[in-house]
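Down below is the structure, laid out as structure tokens.
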Amino acid sequence: MSLTLAAATSSRRLVGKGPDSKGFAAKGLVALALLLTLSACETVGAARDPGVAVVDSTDPAATSANITSLGAIIARNPNDAQAYNARGAAYAKAGRFGEAIPDFTKAIELQPDFAAAMTNRALAYRQTNRNDAALADFSHAIAANPSYGPAYLGRGNLERAQGNFDQALADLDQAIRFAPESAEALHARGLIRQRQGNQQAAISDFGAAIDRNPFAAPPYQARGQSYLAIGQYQAAVDDFNAALNVNNRSADAWAGRGFAFEKLGRKTEAMESYQQAQSIDNGNQVARAGLGRLQSGKIL
């Protein structure tokens with residue numbers, strides 16, 4: 001789930017509310033809502049794309065209370081696989097992966113076909129750089145439930161991060177088939193198409209992701225990069241502006257905006273954008289190169 005988990009990308013919460021004891025075990029819990037960090041591809045510079053799920057930020061006090069409540073449920077129902085999966089998700093949201101993984105493992109021991117727990121454990125493994133274990137868990141989740149979209153999304157993002165684009169595309173196609181409203185899956189597929197130079201298809205995927213979640217910055221930023229690649233500079237400016245309206249601390253979005261303005265001949269706006277990028281990340285190569293050109297009077 002993307003993925004920064006980030007991005008991405010839209011924020012779906014598994015344990016957003018405190019649990020209640022009425023029918024808790026009967027509730028079907030889906031995979032942990034970890035955001036996917038899906039940065040834009042390297043169109044005008046070295047954008048960072050770790051491809052790793054990152055934890056959705058929540059109120060630490062609320063998360064702690066949720067963990068305590070789930071612990072009480074587990075104490076009363078020690079064979080409740082759903083409760084272990086939910087507490088593992090709460091630990092993961094708090095960044096406590098060393099505690100999350102044993103809870104997911106216990107959930108799987110109690111319910112060997114628990115695809116959501118397998119997917120959650122795989123995402124936690126990714127956070128701890130155990131990618132081989134993560135890949136195995138994603139595959140086991142798919143074997144347990146061949147129509148479980150989050151497992152295809154998780155495996156596709158891992159394959160994408162490893163450069164296995166054909167396998168990643170196949171998995172992301174399945175993720176979109178089983179979860180057609182998944183902005184994360186559409187964004188991830190767009191990133192691969194962008195990387196492969198298929199900019200129009202990438203733009204279509206990013207647009208579909210934006211339709212499903214218009215309040216996430218990375219799809220706008222990624223689509224802006226694709227517009228730069230095909231010379232649609234005003235459209236790129238519009239998308240970088242949209243990304244910055246959501247997150248004005250993105251050096252890559254400021255740098256992309258500067259590049260688009262530079263190509264449009266709007267040097268003042270380009271200079272301001274590059275300077276903003278450098279104020280956030282002094283090592284941003286696109287901004288540094290753009291400022292160098294503008295200050296020396298060179299023209300792209």
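Lettering and numbering for the structure tokens are positional, with chains as A, B, ... in the shown order, residues counted from 1 in each chain, and ligands counted from 1 in the shown order.
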
Env of Asn198 in chain A: 9 Å cut, atoms = only C-alpha atoms, seq-sep filter 6 positions within chain, self excluded. Answer as a list in words.
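Contacts, with the query itself left out: Gly190, Ile192 and Ser226 of chain A.
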
Interface rows for range 178-218 of chain A against range 144-155 of chain A: nearest pair, Å to one decimal, 10 Å, only C-alpha atoms, as CSV:
```
residue,atom,partner,partner_atom,distance
A:Phe178,CA,A:Gly149,CA,5.2
A:Ala179,CA,A:Gly149,CA,5.7
A:Pro180,CA,A:Gly149,CA,9.1
A:Ser182,CA,A:Gly149,CA,8.9
A:Glu184,CA,A:Leu153,CA,8.0
A:Ala185,CA,A:Leu153,CA,6.0
A:Leu186,CA,A:Leu153,CA,9.6
A:Ala188,CA,A:Leu153,CA,8.4
A:Arg189,CA,A:Leu153,CA,9.6
```

Those residues with N, CA and C atoms, as a CSV table (one decimal), in the first residue's frame please?
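Contents of again.csv, freshly written:
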```csv
chain,number,residue,atom,x,y,z
A,178,PHE,N,-9.7,-6.3,-8.9
A,178,PHE,CA,-10.4,-6.7,-7.7
A,178,PHE,C,-10.8,-5.5,-6.8
A,179,ALA,N,-10.1,-4.4,-7.0
A,179,ALA,CA,-10.4,-3.2,-6.2
A,179,ALA,C,-10.3,-2.0,-7.1
A,180,PRO,N,-11.3,-1.8,-8.0
A,180,PRO,CA,-11.2,-0.8,-9.0
A,180,PRO,C,-11.2,0.7,-8.5
A,182,SER,N,-9.3,1.6,-6.1
A,182,SER,CA,-8.0,1.8,-5.4
A,182,SER,C,-7.1,2.9,-6.1
A,184,GLU,N,-4.4,3.9,-4.9
A,184,GLU,CA,-3.0,3.5,-4.7
A,184,GLU,C,-2.6,2.6,-5.9
A,185,ALA,N,-3.4,1.7,-6.3
A,185,ALA,CA,-3.0,0.7,-7.3
A,185,ALA,C,-2.9,1.4,-8.7
A,186,LEU,N,-3.8,2.3,-8.9
A,186,LEU,CA,-3.8,3.1,-10.2
A,186,LEU,C,-2.5,4.0,-10.2
A,188,ALA,N,0.3,3.5,-8.6
A,188,ALA,CA,1.5,2.6,-8.8
A,188,ALA,C,1.6,2.1,-10.2
A,189,ARG,N,0.5,1.8,-10.8
A,189,ARG,CA,0.6,1.3,-12.2
A,189,ARG,C,1.1,2.5,-13.1
```

If you run DSSP on the backbone here, which positions in range 29-245 of chain A get helix (DSSP H, G or I)? Please write them as a PyMOL selection string.
chain A and resi 60-76+81-93+97-110+115-127+131-144+149-161+165-178+183-195+199-212+217-229+233-245

Selection from above, C-alpha atoms, as a compact mmCIF listing (two decimals), in the first residue's frame, can you write it?
```
# COMPACT_ATOMS: atom_id res chain seq x y z
CA PRO A 60 -0.33 8.71 19.63
CA ALA A 61 -2.66 8.87 22.63
CA ALA A 62 -5.54 7.43 20.62
CA THR A 63 -3.31 4.70 19.22
CA SER A 64 -2.07 3.80 22.70
CA ALA A 65 -5.62 3.62 24.02
CA ASN A 66 -6.60 1.46 21.06
CA ILE A 67 -3.74 -0.94 21.71
CA THR A 68 -4.78 -1.19 25.37
CA SER A 69 -8.40 -1.88 24.42
CA LEU A 70 -7.36 -4.54 21.93
CA GLY A 71 -5.12 -6.13 24.56
CA ALA A 72 -8.14 -6.42 26.84
CA ILE A 73 -10.14 -8.07 24.06
CA ILE A 74 -7.31 -10.56 23.45
CA ALA A 75 -7.10 -11.31 27.19
CA ARG A 76 -10.79 -12.23 27.15
CA ALA A 81 -7.40 -14.01 15.17
CA GLN A 82 -9.21 -10.79 14.18
CA ALA A 83 -8.21 -9.12 17.45
CA TYR A 84 -4.55 -10.03 17.01
CA ASN A 85 -4.63 -8.68 13.46
CA ALA A 86 -6.23 -5.44 14.65
CA ARG A 87 -3.73 -4.97 17.46
CA GLY A 88 -0.89 -5.69 15.06
CA ALA A 89 -2.27 -2.96 12.82
CA ALA A 90 -2.38 -0.55 15.76
CA TYR A 91 1.23 -1.38 16.66
CA ALA A 92 2.27 -0.85 13.04
CA LYS A 93 0.55 2.54 12.91
CA PHE A 97 6.87 -3.24 13.99
CA GLY A 98 8.69 -5.53 16.40
CA GLU A 99 5.42 -5.89 18.27
CA ALA A 100 3.18 -5.83 15.22
CA ILE A 101 4.80 -8.79 13.48
CA PRO A 102 4.24 -11.29 16.35
CA ASP A 103 0.57 -10.27 16.50
CA PHE A 104 0.13 -10.84 12.77
CA THR A 105 1.95 -14.15 13.13
CA LYS A 106 -0.39 -15.20 15.94
CA ALA A 107 -3.41 -14.25 13.83
CA ILE A 108 -2.10 -16.44 10.99
CA GLU A 109 -1.44 -19.34 13.38
CA LEU A 110 -5.03 -19.11 14.59
CA ALA A 115 -5.10 -13.15 3.84
CA ALA A 116 -5.39 -9.74 5.53
CA ALA A 117 -3.02 -10.73 8.35
CA MET A 118 -0.54 -12.15 5.85
CA THR A 119 -0.66 -8.92 3.86
CA ASN A 120 -0.27 -6.84 7.01
CA ARG A 121 2.73 -8.86 8.12
CA ALA A 122 4.25 -8.49 4.66
CA LEU A 123 3.87 -4.71 4.88
CA ALA A 124 5.50 -4.75 8.32
CA TYR A 125 8.34 -6.90 6.95
CA ARG A 126 8.87 -4.30 4.23
CA GLN A 127 9.25 -1.64 6.88
CA ASN A 131 11.69 -8.06 1.50
CA ASP A 132 12.08 -11.79 0.86
CA ALA A 133 9.77 -12.55 3.79
CA ALA A 134 7.37 -9.86 2.58
CA LEU A 135 7.24 -11.34 -0.93
CA ALA A 136 6.50 -14.76 0.51
CA ASP A 137 3.68 -13.41 2.66
CA PHE A 138 2.09 -11.49 -0.21
CA SER A 139 2.17 -14.66 -2.31
CA HIS A 140 0.71 -16.75 0.54
CA ALA A 141 -2.09 -14.20 0.94
CA ILE A 142 -2.91 -14.44 -2.77
CA ALA A 143 -2.90 -18.23 -2.58
CA ALA A 144 -5.25 -18.06 0.41
CA GLY A 149 -6.70 -6.90 -3.99
CA PRO A 150 -4.44 -5.50 -1.22
CA ALA A 151 -2.08 -8.47 -1.51
CA TYR A 152 -1.67 -7.92 -5.26
CA LEU A 153 -1.09 -4.22 -4.60
CA GLY A 154 1.53 -4.94 -1.95
CA ARG A 155 3.35 -7.50 -4.08
CA GLY A 156 3.15 -5.26 -7.14
CA ASN A 157 4.73 -2.37 -5.25
CA LEU A 158 7.51 -4.60 -3.97
CA GLU A 159 8.20 -5.89 -7.47
CA ARG A 160 8.12 -2.32 -8.77
CA ALA A 161 10.68 -1.23 -6.18
CA PHE A 165 8.13 -4.20 -13.94
CA ASP A 166 6.41 -6.95 -15.94
CA GLN A 167 5.50 -8.88 -12.79
CA ALA A 168 4.52 -5.67 -11.05
CA LEU A 169 2.20 -4.63 -13.86
CA ALA A 170 0.52 -8.03 -13.83
CA ASP A 171 -0.08 -7.79 -10.10
CA LEU A 172 -1.29 -4.19 -10.24
CA ASP A 173 -3.70 -5.10 -13.05
CA GLN A 174 -5.14 -7.72 -10.70
CA ALA A 175 -5.26 -5.26 -7.81
CA ILE A 176 -7.27 -2.85 -9.96
CA ARG A 177 -9.50 -5.66 -11.20
CA PHE A 178 -10.45 -6.68 -7.65
CA ALA A 183 -6.21 5.10 -6.01
CA GLU A 184 -3.00 3.51 -4.74
CA ALA A 185 -3.04 0.72 -7.33
CA LEU A 186 -3.78 3.11 -10.19
CA HIS A 187 -1.01 5.45 -9.05
CA ALA A 188 1.47 2.60 -8.75
CA ARG A 189 0.64 1.32 -12.24
CA GLY A 190 0.99 4.84 -13.58
CA LEU A 191 4.49 5.07 -12.11
CA ILE A 192 5.55 1.95 -13.96
CA ARG A 193 4.08 3.15 -17.23
CA GLN A 194 5.81 6.47 -16.70
CA ARG A 195 9.12 4.73 -16.07
CA GLN A 199 3.37 8.75 -20.72
CA GLN A 200 -0.18 8.89 -22.05
CA ALA A 201 -1.12 5.67 -20.27
CA ALA A 202 0.59 6.96 -17.15
CA ILE A 203 -1.36 10.22 -17.34
CA SER A 204 -4.58 8.22 -17.64
CA ASP A 205 -3.75 6.17 -14.55
CA PHE A 206 -2.74 9.22 -12.51
CA GLY A 207 -5.97 10.95 -13.55
CA ALA A 208 -7.99 7.95 -12.44
CA ALA A 209 -6.15 7.94 -9.11
CA ILE A 210 -6.92 11.64 -8.67
CA ASP A 211 -10.60 11.02 -9.46
CA ARG A 212 -10.71 8.48 -6.64
CA ALA A 217 -0.44 15.10 -3.61
CA PRO A 218 1.68 12.34 -5.25
CA PRO A 219 -0.62 11.57 -8.23
CA TYR A 220 -0.72 15.26 -9.18
CA GLN A 221 3.06 15.46 -8.89
CA ALA A 222 3.55 12.30 -10.92
CA ARG A 223 1.16 13.45 -13.63
CA GLY A 224 3.00 16.76 -13.74
CA GLN A 225 6.20 14.85 -14.47
CA SER A 226 4.54 13.01 -17.33
CA TYR A 227 3.20 16.28 -18.76
CA LEU A 228 6.76 17.63 -18.67
CA ALA A 229 7.95 14.57 -20.58
CA TYR A 233 4.20 22.58 -19.66
CA GLN A 234 1.12 24.55 -18.60
CA ALA A 235 -0.66 21.32 -17.67
CA ALA A 236 2.43 20.39 -15.68
CA VAL A 237 2.33 23.73 -13.83
CA ASP A 238 -1.33 23.15 -12.97
CA ASP A 239 -0.57 19.70 -11.54
CA PHE A 240 2.45 20.83 -9.55
CA ASN A 241 0.31 23.65 -8.14
CA ALA A 242 -2.33 21.12 -7.14
CA ALA A 243 0.31 18.93 -5.48
CA LEU A 244 1.70 21.92 -3.60
CA ASN A 245 -1.77 22.91 -2.44
```

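Taking CA of Asn248 in chain A and CA of Asn129 in chain A as endpoints, the distance between them is 29.3 Å.
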
Can you pull out every residue from range 23-266 of chain A that DSSP, working from the backbone, puts in strand (DSSP E), and format the result as a list in words?
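Secondary structure check on range 23-266 of chain A, strand (DSSP E): Leu35, Leu36, Ala53 and Val54 of chain A.
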
Could you tell me how far CA of Asn282 in chain A lies from CA of Gly231 in chain A, in Å and to one decimal?
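Calculated distance between CA of Asn282 in chain A and CA of Gly231 in chain A is 26.7 Å.
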